[in-house]
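See below for the structure under consideration.
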Amino acid sequence: MLHARATLGKAAAENFPVAPAFLPRAWREGLMAVYGYARLVDDIGDGDLAPGGRDAVLLGLDPAAVDDPLAMLDAFEADLLRVFGGSDGPPCHPLLLALRPVVRDHGLSPEPFLGLIEANRQDQRVTRYETYGELLDYCELSANTVGRLVLSLTGTSTPERIRRSDAICTALQIAEHLQDVTEDLGRDRIYLPAEDMRRFHVAEADLKAPSAGASVRALIAFEADRTRGLLNEGTPLVGSVHGRLRLLLAGFVGGGRAALRAISAAGFDVLPGPPKPTRSLLLREVAAVLRTAPRKG
């Protein structure tokens, strides 16, 4: 379990609170189980697994397979299907064992979890996105599925809430990509649409500089503004729920807004490293969301 806790511990580095203490225990446990799953899938796809090959062994592979993301994702998908009643016994990985009661208690389907795996397979095949629409399609798999799981876990899923949640989750994903331009480039990935790079006269070589020139800053400012629009589109979701869930969703939106403010405060120069919001900025943004999100019902 120490191995699983190391993965779950990464929640503290996210732009938004994953499972804050004010939530009911059952919600916290469910959210952390889903986070652990999503974090491990991303770590497999990004090559960020703990050294030593322990995750590969847990999935029935040779330790050396830890360096083969596609083989790891295939094995992880096979273990995921055991969560949903596969015929060859219970799941092997402890994070999937923790997910099994959550899936059972909330009647979750495998599709959102499979979507996250497919997004990480796509990361192995696709390293550039020509259009903004292509990037949105990627976010549909990599981010929106998580928001839909949160609504399912809390019993609040409706078509309108799903639409708002998708806007928020896509915005959170893109904000993270804007923060991580240099880190992603180190993995030979660029999540800035090529059509936008051409519009702002940004070449890939410009993204390798130690600090951003005027054209890169203008591009990042454009993407940040569009991402802020997505967050605003999704914000009414916060006002559509009540109680502690309202606080949680405000935390997600506020985290995205704080990340975008940190990018702006850095002069849209994301190349030296990811601009991160302070805790006080995050709290201010969450409070602003709670004050302004229109209430419904």
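How things are named: the first chain in the structure tokens is A, the next is B, and so on; residues count from 1 in each chain; ligands count from 1 in the order shown.
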Leu80 (chain A) surroundings by only C-alpha atoms, 12 Å radius, close-in-sequence under 2 positions cut, as a compact mmCIF listing (two decimals) with N, CA, C and O atoms, in the first residue's frame:
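Wrote out09.txt, looks like this:
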# COMPACT_ATOMS: atom_id res chain seq x y z
N TYR A 37 -6.70 6.15 -9.83
CA TYR A 37 -6.76 5.50 -11.13
C TYR A 37 -6.26 6.45 -12.22
O TYR A 37 -5.38 6.10 -13.02
N ALA A 38 -6.83 7.67 -12.26
CA ALA A 38 -6.47 8.62 -13.31
C ALA A 38 -5.00 9.00 -13.24
O ALA A 38 -4.32 9.12 -14.27
N VAL A 41 -2.84 6.09 -14.57
CA VAL A 41 -2.90 5.99 -16.03
C VAL A 41 -2.03 7.07 -16.66
O VAL A 41 -1.27 6.80 -17.60
N LEU A 59 1.04 -5.80 -12.47
CA LEU A 59 0.17 -6.06 -13.61
C LEU A 59 0.55 -7.32 -14.37
O LEU A 59 0.02 -7.59 -15.45
N LEU A 73 -0.22 0.00 -20.64
CA LEU A 73 -1.62 0.41 -20.76
C LEU A 73 -2.51 -0.78 -21.10
O LEU A 73 -3.64 -0.90 -20.60
N ASP A 74 -2.01 -1.68 -21.95
CA ASP A 74 -2.78 -2.88 -22.28
C ASP A 74 -3.00 -3.74 -21.04
O ASP A 74 -4.11 -4.23 -20.78
N ALA A 75 -1.94 -3.92 -20.25
CA ALA A 75 -2.05 -4.73 -19.04
C ALA A 75 -2.95 -4.06 -18.01
O ALA A 75 -3.73 -4.72 -17.31
N PHE A 76 -2.88 -2.74 -17.95
CA PHE A 76 -3.72 -2.00 -17.00
C PHE A 76 -5.18 -2.09 -17.40
O PHE A 76 -6.07 -2.23 -16.55
N GLU A 77 -5.45 -2.04 -18.70
CA GLU A 77 -6.83 -2.18 -19.17
C GLU A 77 -7.37 -3.57 -18.83
O GLU A 77 -8.53 -3.70 -18.40
N ALA A 78 -6.56 -4.59 -19.01
CA ALA A 78 -6.99 -5.94 -18.65
C ALA A 78 -7.31 -6.03 -17.16
O ALA A 78 -8.29 -6.68 -16.76
N ARG A 82 -11.19 -6.46 -14.74
CA ARG A 82 -11.45 -7.30 -13.57
C ARG A 82 -12.26 -6.54 -12.53
O ARG A 82 -13.02 -7.14 -11.77
N VAL A 83 -12.10 -5.22 -12.49
CA VAL A 83 -12.90 -4.39 -11.58
C VAL A 83 -14.39 -4.56 -11.92
O VAL A 83 -15.25 -4.55 -11.04
N PHE A 84 -14.68 -4.73 -13.19
CA PHE A 84 -16.07 -4.82 -13.65
C PHE A 84 -16.53 -6.26 -13.84
O PHE A 84 -17.43 -6.54 -14.62
N GLY A 85 -15.86 -7.19 -13.13
CA GLY A 85 -16.35 -8.56 -13.12
C GLY A 85 -15.72 -9.47 -14.13
O GLY A 85 -16.38 -10.41 -14.61
N GLY A 86 -14.47 -9.23 -14.48
CA GLY A 86 -13.77 -10.14 -15.38
C GLY A 86 -13.73 -11.55 -14.82
O GLY A 86 -13.78 -11.76 -13.60
N ASP A 88 -11.37 -13.74 -14.69
CA ASP A 88 -10.11 -14.28 -14.20
C ASP A 88 -9.72 -13.72 -12.84
O ASP A 88 -8.54 -13.55 -12.54
N GLY A 89 -10.71 -13.42 -12.01
CA GLY A 89 -10.42 -13.04 -10.64
C GLY A 89 -10.41 -11.55 -10.41
O GLY A 89 -10.72 -10.76 -11.30
N PRO A 90 -10.05 -11.14 -9.18
CA PRO A 90 -10.05 -9.71 -8.82
C PRO A 90 -8.87 -8.99 -9.45
O PRO A 90 -7.91 -9.61 -9.90
N PRO A 91 -8.93 -7.65 -9.49
CA PRO A 91 -7.80 -6.88 -10.03
C PRO A 91 -6.54 -7.11 -9.19
O PRO A 91 -6.60 -7.39 -7.99
N CYS A 92 -5.40 -6.95 -9.83
CA CYS A 92 -4.12 -7.18 -9.17
C CYS A 92 -3.52 -5.91 -8.58
O CYS A 92 -2.87 -5.96 -7.54
N HIS A 93 -3.69 -4.79 -9.26
CA HIS A 93 -3.07 -3.55 -8.79
C HIS A 93 -3.86 -2.98 -7.61
O HIS A 93 -5.09 -2.92 -7.66
N PRO A 94 -3.18 -2.56 -6.54
CA PRO A 94 -3.91 -2.07 -5.35
C PRO A 94 -4.81 -0.87 -5.64
O PRO A 94 -5.86 -0.73 -5.01
N LEU A 95 -4.44 -0.01 -6.57
CA LEU A 95 -5.30 1.14 -6.88
C LEU A 95 -6.58 0.69 -7.58
O LEU A 95 -7.62 1.34 -7.45
N LEU A 96 -6.52 -0.41 -8.30
CA LEU A 96 -7.73 -0.94 -8.92
C LEU A 96 -8.56 -1.73 -7.92
O LEU A 96 -9.79 -1.73 -7.99
N LEU A 97 -7.90 -2.37 -6.98
CA LEU A 97 -8.65 -3.00 -5.89
C LEU A 97 -9.46 -1.97 -5.11
O LEU A 97 -10.61 -2.21 -4.73
N ALA A 98 -8.85 -0.81 -4.87
CA ALA A 98 -9.54 0.27 -4.15
C ALA A 98 -10.70 0.82 -4.96
O ALA A 98 -11.69 1.32 -4.41
N LEU A 99 -10.61 0.73 -6.28
CA LEU A 99 -11.65 1.26 -7.14
C LEU A 99 -12.88 0.34 -7.19
O LEU A 99 -14.00 0.81 -7.41
N ARG A 100 -12.67 -0.94 -6.96
CA ARG A 100 -13.76 -1.91 -7.16
C ARG A 100 -15.00 -1.62 -6.31
O ARG A 100 -16.11 -1.60 -6.85
N VAL A 103 -16.88 1.44 -7.74
CA VAL A 103 -17.62 1.10 -8.96
C VAL A 103 -18.91 0.37 -8.61
O VAL A 103 -19.98 0.67 -9.14
N SER A 109 -19.92 2.75 -14.90
CA SER A 109 -19.66 1.94 -16.10
C SER A 109 -18.18 2.02 -16.46
O SER A 109 -17.48 2.95 -16.05
N PRO A 110 -17.71 1.08 -17.27
CA PRO A 110 -16.27 1.09 -17.61
C PRO A 110 -15.88 2.17 -18.61
O PRO A 110 -14.69 2.51 -18.71
N GLU A 111 -16.84 2.74 -19.35
CA GLU A 111 -16.48 3.63 -20.46
C GLU A 111 -15.61 4.82 -20.06
O GLU A 111 -14.61 5.11 -20.75
N PRO A 112 -15.92 5.56 -18.97
CA PRO A 112 -15.04 6.69 -18.64
C PRO A 112 -13.62 6.25 -18.30
O PRO A 112 -12.65 6.94 -18.68
N PHE A 113 -13.48 5.12 -17.64
CA PHE A 113 -12.15 4.63 -17.29
C PHE A 113 -11.39 4.19 -18.53
O PHE A 113 -10.19 4.45 -18.66
N LEU A 114 -12.08 3.55 -19.47
CA LEU A 114 -11.45 3.15 -20.71
C LEU A 114 -11.05 4.38 -21.54
O LEU A 114 -10.03 4.36 -22.23
N GLY A 115 -11.85 5.46 -21.44
CA GLY A 115 -11.51 6.68 -22.15
C GLY A 115 -10.18 7.25 -21.71
O GLY A 115 -9.38 7.72 -22.53
N LEU A 116 -9.91 7.20 -20.40
CA LEU A 116 -8.63 7.70 -19.90
C LEU A 116 -7.46 6.87 -20.43
O LEU A 116 -6.39 7.42 -20.75
N ILE A 117 -7.66 5.57 -20.51
CA ILE A 117 -6.59 4.73 -21.07
C ILE A 117 -6.38 5.07 -22.54
O ILE A 117 -5.23 5.19 -23.00
request  = Run DSSP on the backbone and give me the residues of region 165-257 of chain A it puts in helix (DSSP H, G or I), as a PyMOL selection string.
outcome  = chain A and resi 165-179+181-186+194-199+204-208+214-234+236-239+243-257
Take the residues from that selection and put them in a file with C-alpha atoms, as a short mmCIF file (atom, residue, chain, number, x, y, z; two decimals), in the first residue's frame.
data_model
loop_
_atom_site.label_atom_id
_atom_site.label_comp_id
_atom_site.auth_asym_id
_atom_site.auth_seq_id
_atom_site.Cartn_x
_atom_site.Cartn_y
_atom_site.Cartn_z
CA SER A 165 -18.71 19.91 -16.42
CA ASP A 166 -17.17 19.15 -19.82
CA ALA A 167 -16.41 22.85 -20.31
CA ILE A 168 -14.73 23.08 -16.90
CA CYS A 169 -12.69 19.91 -17.33
CA THR A 170 -11.50 20.82 -20.80
CA ALA A 171 -10.45 24.21 -19.46
CA LEU A 172 -8.55 22.61 -16.58
CA GLN A 173 -6.75 20.30 -18.99
CA ILE A 174 -5.76 23.11 -21.35
CA ALA A 175 -4.66 25.35 -18.46
CA GLU A 176 -2.35 22.56 -17.32
CA HIS A 177 -0.97 22.20 -20.84
CA LEU A 178 -0.27 25.95 -20.91
CA GLN A 179 1.62 25.69 -17.63
CA VAL A 181 4.67 23.69 -22.33
CA THR A 182 8.33 23.07 -21.53
CA GLU A 183 7.72 19.78 -19.72
CA ASP A 184 5.53 18.49 -22.55
CA LEU A 185 8.11 19.52 -25.14
CA GLY A 186 10.65 17.46 -23.22
CA ALA A 194 -0.52 24.22 -34.93
CA GLU A 195 -3.07 26.54 -36.58
CA ASP A 196 -2.70 28.94 -33.64
CA MET A 197 1.08 28.72 -33.71
CA ARG A 198 1.06 29.75 -37.35
CA ARG A 199 -1.37 32.60 -36.63
CA GLU A 204 8.63 24.92 -32.47
CA ALA A 205 12.14 26.30 -32.01
CA ASP A 206 10.63 29.32 -30.23
CA LEU A 207 9.21 26.99 -27.54
CA LYS A 208 12.71 25.70 -26.77
CA ALA A 214 6.67 38.40 -27.78
CA SER A 215 5.08 35.99 -30.26
CA VAL A 216 5.01 33.09 -27.79
CA ARG A 217 3.58 35.32 -25.07
CA ALA A 218 0.86 36.51 -27.43
CA LEU A 219 0.00 32.90 -28.30
CA ILE A 220 -0.19 31.85 -24.64
CA ALA A 221 -2.31 34.91 -23.82
CA PHE A 222 -4.73 33.97 -26.61
CA GLU A 223 -5.02 30.37 -25.42
CA ALA A 224 -5.43 31.48 -21.80
CA ASP A 225 -8.23 33.88 -22.73
CA ARG A 226 -10.07 31.17 -24.66
CA THR A 227 -9.62 28.79 -21.75
CA ARG A 228 -11.03 31.39 -19.36
CA GLY A 229 -14.10 31.52 -21.60
CA LEU A 230 -14.56 27.77 -21.21
CA LEU A 231 -14.35 28.10 -17.43
CA ASN A 232 -16.97 30.85 -17.50
CA GLU A 233 -19.20 28.64 -19.65
CA GLY A 234 -18.97 25.88 -17.07
CA PRO A 236 -23.12 27.79 -13.70
CA LEU A 237 -22.56 24.14 -12.74
CA VAL A 238 -21.45 25.40 -9.32
CA GLY A 239 -24.74 27.19 -8.73
CA GLY A 243 -23.90 22.21 0.14
CA ARG A 244 -20.46 20.69 0.17
CA LEU A 245 -20.60 19.64 -3.47
CA ARG A 246 -20.95 23.32 -4.36
CA LEU A 247 -17.73 24.01 -2.46
CA LEU A 248 -15.93 21.17 -4.25
CA LEU A 249 -16.95 22.33 -7.71
CA ALA A 250 -16.06 25.91 -6.81
CA GLY A 251 -12.63 24.55 -5.91
CA PHE A 252 -12.25 23.06 -9.38
CA VAL A 253 -13.30 26.28 -11.14
CA GLY A 254 -11.30 28.46 -8.75
CA GLY A 255 -8.24 26.26 -9.28
CA GLY A 256 -8.49 26.76 -13.02
CA ARG A 257 -8.93 30.50 -12.67
#
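Omitting Ala56 (chain A) and its sequence neighbours fewer than 2 positions away, and counting only C-alpha atoms, the residues within 10 Å are Ile44, Leu49, Gly52, Gly53, Arg54, Leu58, Leu59, Gly60, Leu61, Asp62, Pro63, Ala64, Ala65, Val66, Asp67, Asp68, Ala71, Met72, Ala75, Phe76 and His93 of chain A.
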task = Kindly give the distance, in Å, that separates CA of Asp105 (chain A) and CA of Tyr35 (chain A), rounded to a single decimal.
result =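 Calculated distance between CA of Asp105 (chain A) and CA of Tyr35 (chain A) is 16.8 Å.
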request  = Check the smallest atom-to-atom distance from each of A:Ile162, A:Val150, A:Leu260, A:Ala143 to Asp42 (chain A) using only C-alpha atoms, then report the winner.
outcome  =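 Of A:Ile162, A:Val150, A:Leu260, A:Ala143, the one nearest Asp42 (chain A) is A:Ala143, counting only C-alpha atoms.
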query = Quick one: distance from CA of Ser152 (chain A) to CA of Tyr132 (chain A) in Å, one decimal?
reply =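 Computing it gives 28.1 Å between the two atoms.
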message = At a cut-off of 8 Å, using only C-alpha atoms, what residues contact Leu281 (chain A)? Leave out same-chain residues fewer than 4 positions from it and give the result as a PyMOL selection string.
response = chain A and resi 258+277+285
request  = Between A:Ala21, A:Ala119, A:Leu290, A:Ala33, single out the one closest to Leu70 (chain A), counting only C-alpha atoms.
outcome  =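 Of A:Ala21, A:Ala119, A:Leu290, A:Ala33, the one nearest Leu70 (chain A) is A:Ala119, counting only C-alpha atoms.
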query = Which residues come within 12 Å of Gly155 (chain A), counting only C-alpha atoms, excluding same-chain residues fewer than 3 positions away, as a ChimeraX atom specification?
reply = /A:27,105-108,148-152,158,161,241,245
query = In Å, how far is it from CA of Thr154 (chain A) to CA of Leu23 (chain A)?
reply = 10.6 Å
task = Pick out the closest residue to Asp123 (chain A) from this set: A:Ala293, A:Leu135, A:Leu31, A:Val102. Count only C-alpha atoms.
result =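 Nearest to Asp123 (chain A): A:Leu135.
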key: For Arg128 (chain A): contacts at 10 Å, only C-alpha atoms, fewer than 3 positions along chain excluded, given as a list in words   = Asp123, Arg125, Thr131, Glu134, Leu135, Asp188, Arg189, Ile190, Tyr191, Leu192, Pro193 and Ala194 of chain A
